[in-house]
Amino acid sequence: MTAAAHPQSLLVQMLDPAVRADPYPVYDQIRAQGPMQLPDSNLTVFSTFADCDEVLLHMVAGIDPGTAVVFVDTGKLFPETLAYREALAAHLGLTNVIVARPNAGRLGKVDPDGTLWARDPDLCCWERKV
């Protein structure tokens, strides 16, 4: 039997792509530990407000609804996605959602007509997300 993981390490594990592909073992560990108490920290969560993020955001809101949650708005998201982000943040009581957007000046130079995604999807993602 292994020792229970520290709550912060469980949250960090949720960032691992392998865990995100199959998060249920980590969810089981989280549920087994009960309510999480994190020490004062400068924790920042990056979220797409979709899929498994709902569970992570629910945990974060239960611990500290003022935790910084960064959402990358590429400028190419569906209106429904943006509305869902707002609704979920309100429902969970998240009070510090930070919307990060691409640099408009730079984007205007590399994607002036907004169709870079069709010509070069990798460059589009680089310019809009990274």
# chains A, B, ... in the order shown; residues from 1 in each chain; ligands from 1
>>> select_by_dssp(residues="chain A", states="helix (DSSP H, G or I)", output="NGL selection string")
:A and (7-13 or 17-21 or 24-33 or 53-63 or 79-92 or 104-110 or 116-119 or 121-129)
>>> residues_around(residues="region 13-22 of chain A", least_positions_apart="4", cutoff="8 Å", atoms="only C-alpha atoms", output="PyMOL selection string")
chain A and resi 9+26+52+56
>>> write_last_selection(atoms="N, CA and C atoms", output="PDB file, in the first residue's frame")
ATOM      1  N   SER A   9       0.283  17.677  -5.004  1.00  0.00           N
ATOM      2  CA  SER A   9       0.855  16.793  -6.018  1.00  0.00           C
ATOM      3  C   SER A   9      -0.240  16.176  -6.882  1.00  0.00           C
ATOM      4  N   VAL A  26      -6.510   9.207 -10.647  1.00  0.00           N
ATOM      5  CA  VAL A  26      -6.207  10.372  -9.809  1.00  0.00           C
ATOM      6  C   VAL A  26      -7.481  10.883  -9.148  1.00  0.00           C
ATOM      7  N   CYS A  52     -12.179  17.335 -18.706  1.00  0.00           N
ATOM      8  CA  CYS A  52     -11.801  17.037 -17.323  1.00  0.00           C
ATOM      9  C   CYS A  52     -11.569  18.295 -16.505  1.00  0.00           C
ATOM     10  N   LEU A  56     -11.362  19.629 -12.092  1.00  0.00           N
ATOM     11  CA  LEU A  56     -10.260  20.388 -11.513  1.00  0.00           C
ATOM     12  C   LEU A  56     -10.743  21.757 -11.035  1.00  0.00           C
TER      13      LEU A  56
END
>>> closest_atom_pairs(of="region 4-90 of chain A", to="region 120-127 of chain A", cutoff="12 Å", atoms="only C-alpha atoms", output="JSON lines")
{"residue": "A:Val72", "atom": "CA", "partner": "A:Cys125", "partner_atom": "CA", "distance": 11.2}
{"residue": "A:Asp73", "atom": "CA", "partner": "A:Cys125", "partner_atom": "CA", "distance": 11.4}
{"residue": "A:Thr74", "atom": "CA", "partner": "A:Cys125", "partner_atom": "CA", "distance": 8.2}
{"residue": "A:Gly75", "atom": "CA", "partner": "A:Cys124", "partner_atom": "CA", "distance": 10.9}
{"residue": "A:Lys76", "atom": "CA", "partner": "A:Cys124", "partner_atom": "CA", "distance": 10.2}
>>> write_last_selection(atoms="N, CA and C atoms", output="compact mmCIF listing (two decimals), in the first residue's frame")
# COMPACT_ATOMS: atom_id res chain seq x y z
N VAL A 72 -7.05 30.73 -22.22
CA VAL A 72 -6.48 31.30 -23.44
C VAL A 72 -7.59 31.44 -24.48
N ASP A 73 -7.90 32.68 -24.82
CA ASP A 73 -8.89 32.97 -25.86
C ASP A 73 -8.12 33.25 -27.15
N THR A 74 -8.16 32.30 -28.06
CA THR A 74 -7.39 32.40 -29.30
C THR A 74 -8.00 33.39 -30.28
N GLY A 75 -9.23 33.80 -30.04
CA GLY A 75 -9.92 34.64 -31.01
C GLY A 75 -10.63 33.80 -32.06
N LYS A 76 -10.52 32.49 -31.96
CA LYS A 76 -11.14 31.58 -32.92
C LYS A 76 -12.11 30.61 -32.24
>>> closest_residue(among="A:Val69, A:Thr115, A:Lys129, A:Asn42", to="Asn96 (chain A)", atoms="only C-alpha atoms")
A:Val69
>>> select_by_dssp(residues="chain A", states="strand (DSSP E or B)", output="count of residues only")
12
>>> residues_around(residues="Leu88 (chain A)", least_positions_apart="3", cutoff="12 Å", atoms="only C-alpha atoms", output="ChimeraX atom specification")
/A:47-50,53-55,57-58,61,80-85,91-95,97
>>> write_last_selection(atoms="C-alpha atoms", output="compact mmCIF listing (two decimals), in the first residue's frame")
# COMPACT_ATOMS: atom_id res chain seq x y z
CA SER A 47 -7.97 25.76 -18.12
CA THR A 48 -9.88 25.28 -21.34
CA PHE A 49 -13.11 25.08 -19.30
CA ALA A 50 -13.90 21.76 -20.97
CA ASP A 53 -11.19 20.68 -16.42
CA GLU A 54 -14.63 20.88 -14.82
CA VAL A 55 -13.52 18.53 -12.07
CA LEU A 57 -12.04 23.75 -11.47
CA HIS A 58 -14.63 22.42 -9.02
CA ALA A 61 -13.26 26.64 -6.39
CA GLU A 80 -20.84 28.77 -27.17
CA THR A 81 -17.39 28.02 -25.73
CA LEU A 82 -17.06 31.55 -24.38
CA ALA A 83 -20.59 31.46 -22.96
CA TYR A 84 -19.87 28.11 -21.28
CA ARG A 85 -16.70 29.53 -19.73
CA HIS A 91 -21.67 28.49 -11.28
CA LEU A 92 -18.45 27.55 -9.45
CA GLY A 93 -18.00 31.03 -8.00
CA LEU A 94 -14.57 31.52 -9.55
CA THR A 95 -13.61 35.14 -8.98
CA VAL A 97 -10.57 34.13 -14.25
>>> atom_distance(atom1="CA of Ala68 (chain A)", atom2="CA of Ala100 (chain A)")
11.9 Å
>>> atom_distance(atom1="CA of Arg128 (chain A)", atom2="CA of Phe71 (chain A)")
12.3 Å
>>> atom_distance(atom1="CA of Leu11 (chain A)", atom2="CA of Ile98 (chain A)")
19.2 Å
>>> decode(residues="region 78-100 of chain A", atoms="N, CA and C atoms", output="PDB file, in the first residue's frame")
ATOM      1  N   PHE A  78     -15.632  29.226 -30.519  1.00  0.00           N
ATOM      2  CA  PHE A  78     -17.061  29.352 -30.772  1.00  0.00           C
ATOM      3  C   PHE A  78     -17.700  30.220 -29.685  1.00  0.00           C
ATOM      4  N   PRO A  79     -18.712  30.996 -30.025  1.00  0.00           N
ATOM      5  CA  PRO A  79     -19.413  31.788 -29.001  1.00  0.00           C
ATOM      6  C   PRO A  79     -19.942  30.912 -27.868  1.00  0.00           C
ATOM      7  N   GLU A  80     -20.335  29.687 -28.188  1.00  0.00           N
ATOM      8  CA  GLU A  80     -20.840  28.768 -27.168  1.00  0.00           C
ATOM      9  C   GLU A  80     -19.748  28.420 -26.153  1.00  0.00           C
ATOM     10  N   THR A  81     -18.508  28.310 -26.624  1.00  0.00           N
ATOM     11  CA  THR A  81     -17.386  28.018 -25.725  1.00  0.00           C
ATOM     12  C   THR A  81     -17.195  29.163 -24.741  1.00  0.00           C
ATOM     13  N   LEU A  82     -17.238  30.377 -25.241  1.00  0.00           N
ATOM     14  CA  LEU A  82     -17.059  31.547 -24.375  1.00  0.00           C
ATOM     15  C   LEU A  82     -18.215  31.678 -23.382  1.00  0.00           C
ATOM     16  N   ALA A  83     -19.430  31.404 -23.852  1.00  0.00           N
ATOM     17  CA  ALA A  83     -20.593  31.465 -22.960  1.00  0.00           C
ATOM     18  C   ALA A  83     -20.497  30.387 -21.884  1.00  0.00           C
ATOM     19  N   TYR A  84     -20.025  29.196 -22.247  1.00  0.00           N
ATOM     20  CA  TYR A  84     -19.872  28.114 -21.282  1.00  0.00           C
ATOM     21  C   TYR A  84     -18.825  28.482 -20.228  1.00  0.00           C
ATOM     22  N   ARG A  85     -17.722  29.093 -20.673  1.00  0.00           N
ATOM     23  CA  ARG A  85     -16.696  29.531 -19.726  1.00  0.00           C
ATOM     24  C   ARG A  85     -17.312  30.470 -18.691  1.00  0.00           C
ATOM     25  N   GLU A  86     -18.080  31.437 -19.159  1.00  0.00           N
ATOM     26  CA  GLU A  86     -18.705  32.396 -18.245  1.00  0.00           C
ATOM     27  C   GLU A  86     -19.689  31.700 -17.307  1.00  0.00           C
ATOM     28  N   ALA A  87     -20.499  30.814 -17.850  1.00  0.00           N
ATOM     29  CA  ALA A  87     -21.504  30.120 -17.034  1.00  0.00           C
ATOM     30  C   ALA A  87     -20.850  29.223 -15.992  1.00  0.00           C
ATOM     31  N   LEU A  88     -19.814  28.481 -16.391  1.00  0.00           N
ATOM     32  CA  LEU A  88     -19.155  27.581 -15.448  1.00  0.00           C
ATOM     33  C   LEU A  88     -18.429  28.372 -14.359  1.00  0.00           C
ATOM     34  N   ALA A  89     -17.759  29.446 -14.738  1.00  0.00           N
ATOM     35  CA  ALA A  89     -17.070  30.277 -13.745  1.00  0.00           C
ATOM     36  C   ALA A  89     -18.071  30.841 -12.747  1.00  0.00           C
ATOM     37  N   ALA A  90     -19.199  31.303 -13.239  1.00  0.00           N
ATOM     38  CA  ALA A  90     -20.231  31.847 -12.348  1.00  0.00           C
ATOM     39  C   ALA A  90     -20.806  30.751 -11.451  1.00  0.00           C
ATOM     40  N   HIS A  91     -21.097  29.598 -12.034  1.00  0.00           N
ATOM     41  CA  HIS A  91     -21.667  28.486 -11.276  1.00  0.00           C
ATOM     42  C   HIS A  91     -20.726  28.039 -10.154  1.00  0.00           C
ATOM     43  N   LEU A  92     -19.428  27.995 -10.447  1.00  0.00           N
ATOM     44  CA  LEU A  92     -18.455  27.548  -9.454  1.00  0.00           C
ATOM     45  C   LEU A  92     -18.035  28.664  -8.501  1.00  0.00           C
ATOM     46  N   GLY A  93     -18.382  29.898  -8.848  1.00  0.00           N
ATOM     47  CA  GLY A  93     -18.004  31.026  -8.005  1.00  0.00           C
ATOM     48  C   GLY A  93     -16.553  31.449  -8.161  1.00  0.00           C
ATOM     49  N   LEU A  94     -15.953  31.120  -9.308  1.00  0.00           N
ATOM     50  CA  LEU A  94     -14.567  31.521  -9.551  1.00  0.00           C
ATOM     51  C   LEU A  94     -14.515  33.037  -9.720  1.00  0.00           C
ATOM     52  N   THR A  95     -13.641  33.679  -8.980  1.00  0.00           N
ATOM     53  CA  THR A  95     -13.614  35.143  -8.985  1.00  0.00           C
ATOM     54  C   THR A  95     -12.362  35.733  -9.621  1.00  0.00           C
ATOM     55  N   ASN A  96     -11.470  34.889 -10.122  1.00  0.00           N
ATOM     56  CA  ASN A  96     -10.216  35.402 -10.676  1.00  0.00           C
ATOM     57  C   ASN A  96      -9.878  34.702 -11.984  1.00  0.00           C
ATOM     58  N   VAL A  97     -10.819  34.708 -12.933  1.00  0.00           N
ATOM     59  CA  VAL A  97     -10.574  34.128 -14.254  1.00  0.00           C
ATOM     60  C   VAL A  97      -9.873  35.184 -15.094  1.00  0.00           C
ATOM     61  N   ILE A  98      -8.693  34.842 -15.566  1.00  0.00           N
ATOM     62  CA  ILE A  98      -7.882  35.748 -16.372  1.00  0.00           C
ATOM     63  C   ILE A  98      -7.942  35.266 -17.814  1.00  0.00           C
ATOM     64  N   VAL A  99      -8.397  36.123 -18.709  1.00  0.00           N
ATOM     65  CA  VAL A  99      -8.490  35.755 -20.118  1.00  0.00           C
ATOM     66  C   VAL A  99      -7.243  36.272 -20.820  1.00  0.00           C
ATOM     67  N   ALA A 100      -6.441  35.356 -21.340  1.00  0.00           N
ATOM     68  CA  ALA A 100      -5.229  35.709 -22.077  1.00  0.00           C
ATOM     69  C   ALA A 100      -5.551  35.662 -23.573  1.00  0.00           C
TER      70      ALA A 100
END
